[in-house]
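Right, one structure below, let's go through it.
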Amino acid sequence: MTAAKRPGKATRGLRIKRVYEPLAKDDGLRVLVDRLWPRGLSKAKAHIDQWFKDVSPSDALRKRFHGNPALWKEFVAAYGRELEQEPAATALANLRALVRKQPLTLLYAARDETHNNAVALQKFLEQKTRARKRPLKAPDKT
């Protein structure tokens, strides 16, 4: 299944897709968000513009939840906490700046297209963007 056919895989210039899928004209900047280089894929075939290792889950988190969709919510929560700590927080800020400037595709190697760090990262970025767009409420005058 291609990235374009998966519902919810693209939002306002931010897409996600497996790094093994062919390069597409609308990919924009292609950013690998895995800690490890994808197996069996040469740099030439990958067409990766940037590699953001620091926004990937820690080795301990990745190993603890690898291949266990039943623990997805727990993974997303733990990953979100990691993204708020350094060095991930700085890398995430840099990634958000890139998303504001141009179309961007987050690339991942996992076989599971629903439960992987790129899906969680996309949701995290969307939540942070929505939170920044909300106007501050004036205090109640009682």
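Labels for the structure tokens follow display order: chains A, B, ..., residues from 1 in each chain, ligands from 1.
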
DSSP says helix (DSSP H, G or I) for which residues of range 69-135 of chain A? Put them as a PyMOL selection string?
chain A and resi 69-83+88-101+117-133

Could those selected residues go to a file with C-alpha atoms, as a PDB file, in the first residue's frame?
```
ATOM      1  CA  PRO A  69       1.242  -3.430  19.059  1.00  0.00           C
ATOM      2  CA  ALA A  70      -0.570  -4.207  22.331  1.00  0.00           C
ATOM      3  CA  LEU A  71       1.785  -1.756  24.039  1.00  0.00           C
ATOM      4  CA  TRP A  72       1.307   1.003  21.443  1.00  0.00           C
ATOM      5  CA  LYS A  73      -0.277   3.592  23.766  1.00  0.00           C
ATOM      6  CA  GLU A  74       2.443   3.046  26.349  1.00  0.00           C
ATOM      7  CA  PHE A  75       5.110   3.417  23.642  1.00  0.00           C
ATOM      8  CA  VAL A  76       3.589   6.667  22.339  1.00  0.00           C
ATOM      9  CA  ALA A  77       3.485   8.146  25.848  1.00  0.00           C
ATOM     10  CA  ALA A  78       7.083   7.122  26.638  1.00  0.00           C
ATOM     11  CA  TYR A  79       8.292   8.352  23.247  1.00  0.00           C
ATOM     12  CA  GLY A  80       6.550  11.689  23.770  1.00  0.00           C
ATOM     13  CA  ARG A  81       8.416  12.101  27.058  1.00  0.00           C
ATOM     14  CA  GLU A  82      11.695  11.355  25.291  1.00  0.00           C
ATOM     15  CA  LEU A  83      10.935  13.934  22.600  1.00  0.00           C
ATOM     16  CA  ALA A  88      15.542  15.128  21.008  1.00  0.00           C
ATOM     17  CA  ALA A  89      13.937  18.478  21.920  1.00  0.00           C
ATOM     18  CA  THR A  90      16.482  20.477  19.909  1.00  0.00           C
ATOM     19  CA  ALA A  91      16.319  18.072  16.964  1.00  0.00           C
ATOM     20  CA  LEU A  92      12.519  18.223  17.097  1.00  0.00           C
ATOM     21  CA  ALA A  93      12.589  22.037  17.011  1.00  0.00           C
ATOM     22  CA  ASN A  94      14.828  21.852  13.929  1.00  0.00           C
ATOM     23  CA  LEU A  95      12.468  19.361  12.315  1.00  0.00           C
ATOM     24  CA  ARG A  96       9.443  21.575  13.044  1.00  0.00           C
ATOM     25  CA  ALA A  97      11.238  24.522  11.421  1.00  0.00           C
ATOM     26  CA  LEU A  98      11.781  22.452   8.279  1.00  0.00           C
ATOM     27  CA  VAL A  99       8.115  21.390   8.191  1.00  0.00           C
ATOM     28  CA  ARG A 100       7.046  25.046   8.281  1.00  0.00           C
ATOM     29  CA  LYS A 101       9.230  25.842   5.251  1.00  0.00           C
ATOM     30  CA  ASN A 117       7.961   5.794  15.558  1.00  0.00           C
ATOM     31  CA  ALA A 118       7.190   7.871  12.442  1.00  0.00           C
ATOM     32  CA  VAL A 119       3.438   7.560  13.080  1.00  0.00           C
ATOM     33  CA  ALA A 120       3.940   8.555  16.717  1.00  0.00           C
ATOM     34  CA  LEU A 121       6.257  11.411  15.727  1.00  0.00           C
ATOM     35  CA  GLN A 122       3.752  12.734  13.188  1.00  0.00           C
ATOM     36  CA  LYS A 123       1.001  12.731  15.841  1.00  0.00           C
ATOM     37  CA  PHE A 124       3.318  14.442  18.323  1.00  0.00           C
ATOM     38  CA  LEU A 125       4.173  17.171  15.785  1.00  0.00           C
ATOM     39  CA  GLU A 126       0.492  17.672  14.931  1.00  0.00           C
ATOM     40  CA  GLN A 127      -0.444  18.000  18.617  1.00  0.00           C
ATOM     41  CA  LYS A 128       2.296  20.550  19.237  1.00  0.00           C
ATOM     42  CA  THR A 129       1.247  22.531  16.169  1.00  0.00           C
ATOM     43  CA  ARG A 130      -2.417  22.567  17.253  1.00  0.00           C
ATOM     44  CA  ALA A 131      -1.453  23.608  20.782  1.00  0.00           C
ATOM     45  CA  ARG A 132       0.546  26.574  19.446  1.00  0.00           C
ATOM     46  CA  LYS A 133      -2.318  27.737  17.218  1.00  0.00           C
TER      47      LYS A 133
END
```

Skipping near chain neighbours, those fewer than 3 positions away, what residues fall within 9 Å of Ala46 in chain A using only C-alpha atoms, listed as a PyMOL selection string?
chain A and resi 19-23+38+41-43

Neighbours of range 48-54 of chain A within 8 Å (only C-alpha atoms; same-chain residues fewer than 5 positions away dropped), as an mmCIF file with N, CA and C atoms, in the first residue's frame?
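File written: out_6.cif
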```
data_model
loop_
_atom_site.group_PDB
_atom_site.id
_atom_site.type_symbol
_atom_site.label_atom_id
_atom_site.label_comp_id
_atom_site.auth_asym_id
_atom_site.auth_seq_id
_atom_site.Cartn_x
_atom_site.Cartn_y
_atom_site.Cartn_z
ATOM 1 N N LEU A 29 11.276 17.211 1.171
ATOM 2 C CA LEU A 29 12.494 16.847 1.884
ATOM 3 C C LEU A 29 12.287 15.484 2.533
ATOM 4 N N ARG A 30 13.175 14.555 2.279
ATOM 5 C CA ARG A 30 13.053 13.188 2.796
ATOM 6 C C ARG A 30 13.952 13.052 4.018
ATOM 7 N N VAL A 31 13.316 12.780 5.174
ATOM 8 C CA VAL A 31 14.030 12.741 6.450
ATOM 9 C C VAL A 31 13.863 11.380 7.108
ATOM 10 N N LEU A 32 14.970 10.685 7.302
ATOM 11 C CA LEU A 32 14.951 9.408 8.015
ATOM 12 C C LEU A 32 14.856 9.693 9.510
ATOM 13 N N VAL A 33 13.893 9.039 10.184
ATOM 14 C CA VAL A 33 13.690 9.275 11.620
ATOM 15 C C VAL A 33 13.907 8.006 12.435
ATOM 16 N N ASP A 34 14.714 7.087 11.918
ATOM 17 C CA ASP A 34 15.100 5.876 12.636
ATOM 18 C C ASP A 34 16.509 6.042 13.186
ATOM 19 N N ARG A 35 16.790 5.388 14.284
ATOM 20 C CA ARG A 35 18.128 5.440 14.883
ATOM 21 C C ARG A 35 19.127 4.605 14.085
ATOM 22 N N LEU A 36 18.632 3.507 13.489
ATOM 23 C CA LEU A 36 19.493 2.608 12.731
ATOM 24 C C LEU A 36 19.255 2.781 11.233
ATOM 25 N N LYS A 43 22.753 4.053 0.415
ATOM 26 C CA LYS A 43 22.464 5.487 0.524
ATOM 27 C C LYS A 43 21.957 6.042 -0.798
ATOM 28 N N PRO A 87 18.751 15.129 23.706
ATOM 29 C CA PRO A 87 18.921 16.008 22.546
ATOM 30 C C PRO A 87 17.722 16.023 21.595
ATOM 31 N N ALA A 88 16.705 15.221 21.899
ATOM 32 C CA ALA A 88 15.542 15.128 21.008
ATOM 33 C C ALA A 88 14.808 16.461 20.878
ATOM 34 N N ALA A 91 16.502 18.659 18.292
ATOM 35 C CA ALA A 91 16.319 18.072 16.964
ATOM 36 C C ALA A 91 14.869 18.236 16.505
#
```

Counting only C-alpha atoms, what is within 9 Å of His66 in chain A, bar same-chain residues fewer than 4 positions away, as a PyMOL selection string?
chain A and resi 61-62+116

Store the residues picked out above, limited to C-alpha atoms, as a compact mmCIF listing (two decimals), in the first residue's frame.
```txt
# COMPACT_ATOMS: atom_id res chain seq x y z
CA LEU A 61 12.53 2.19 24.31
CA ARG A 62 12.78 0.71 20.83
CA ASN A 116 6.03 2.78 14.35
```

Taking the DSSP secondary structure from the backbone, can you list the residues of range 67-130 of chain A that are strand (DSSP E or B), as a list in words?
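Taking range 67-130 of chain A and keeping strand (DSSP E or B) gives Leu104, Thr105, Leu106, Leu107 and Tyr108 of chain A.
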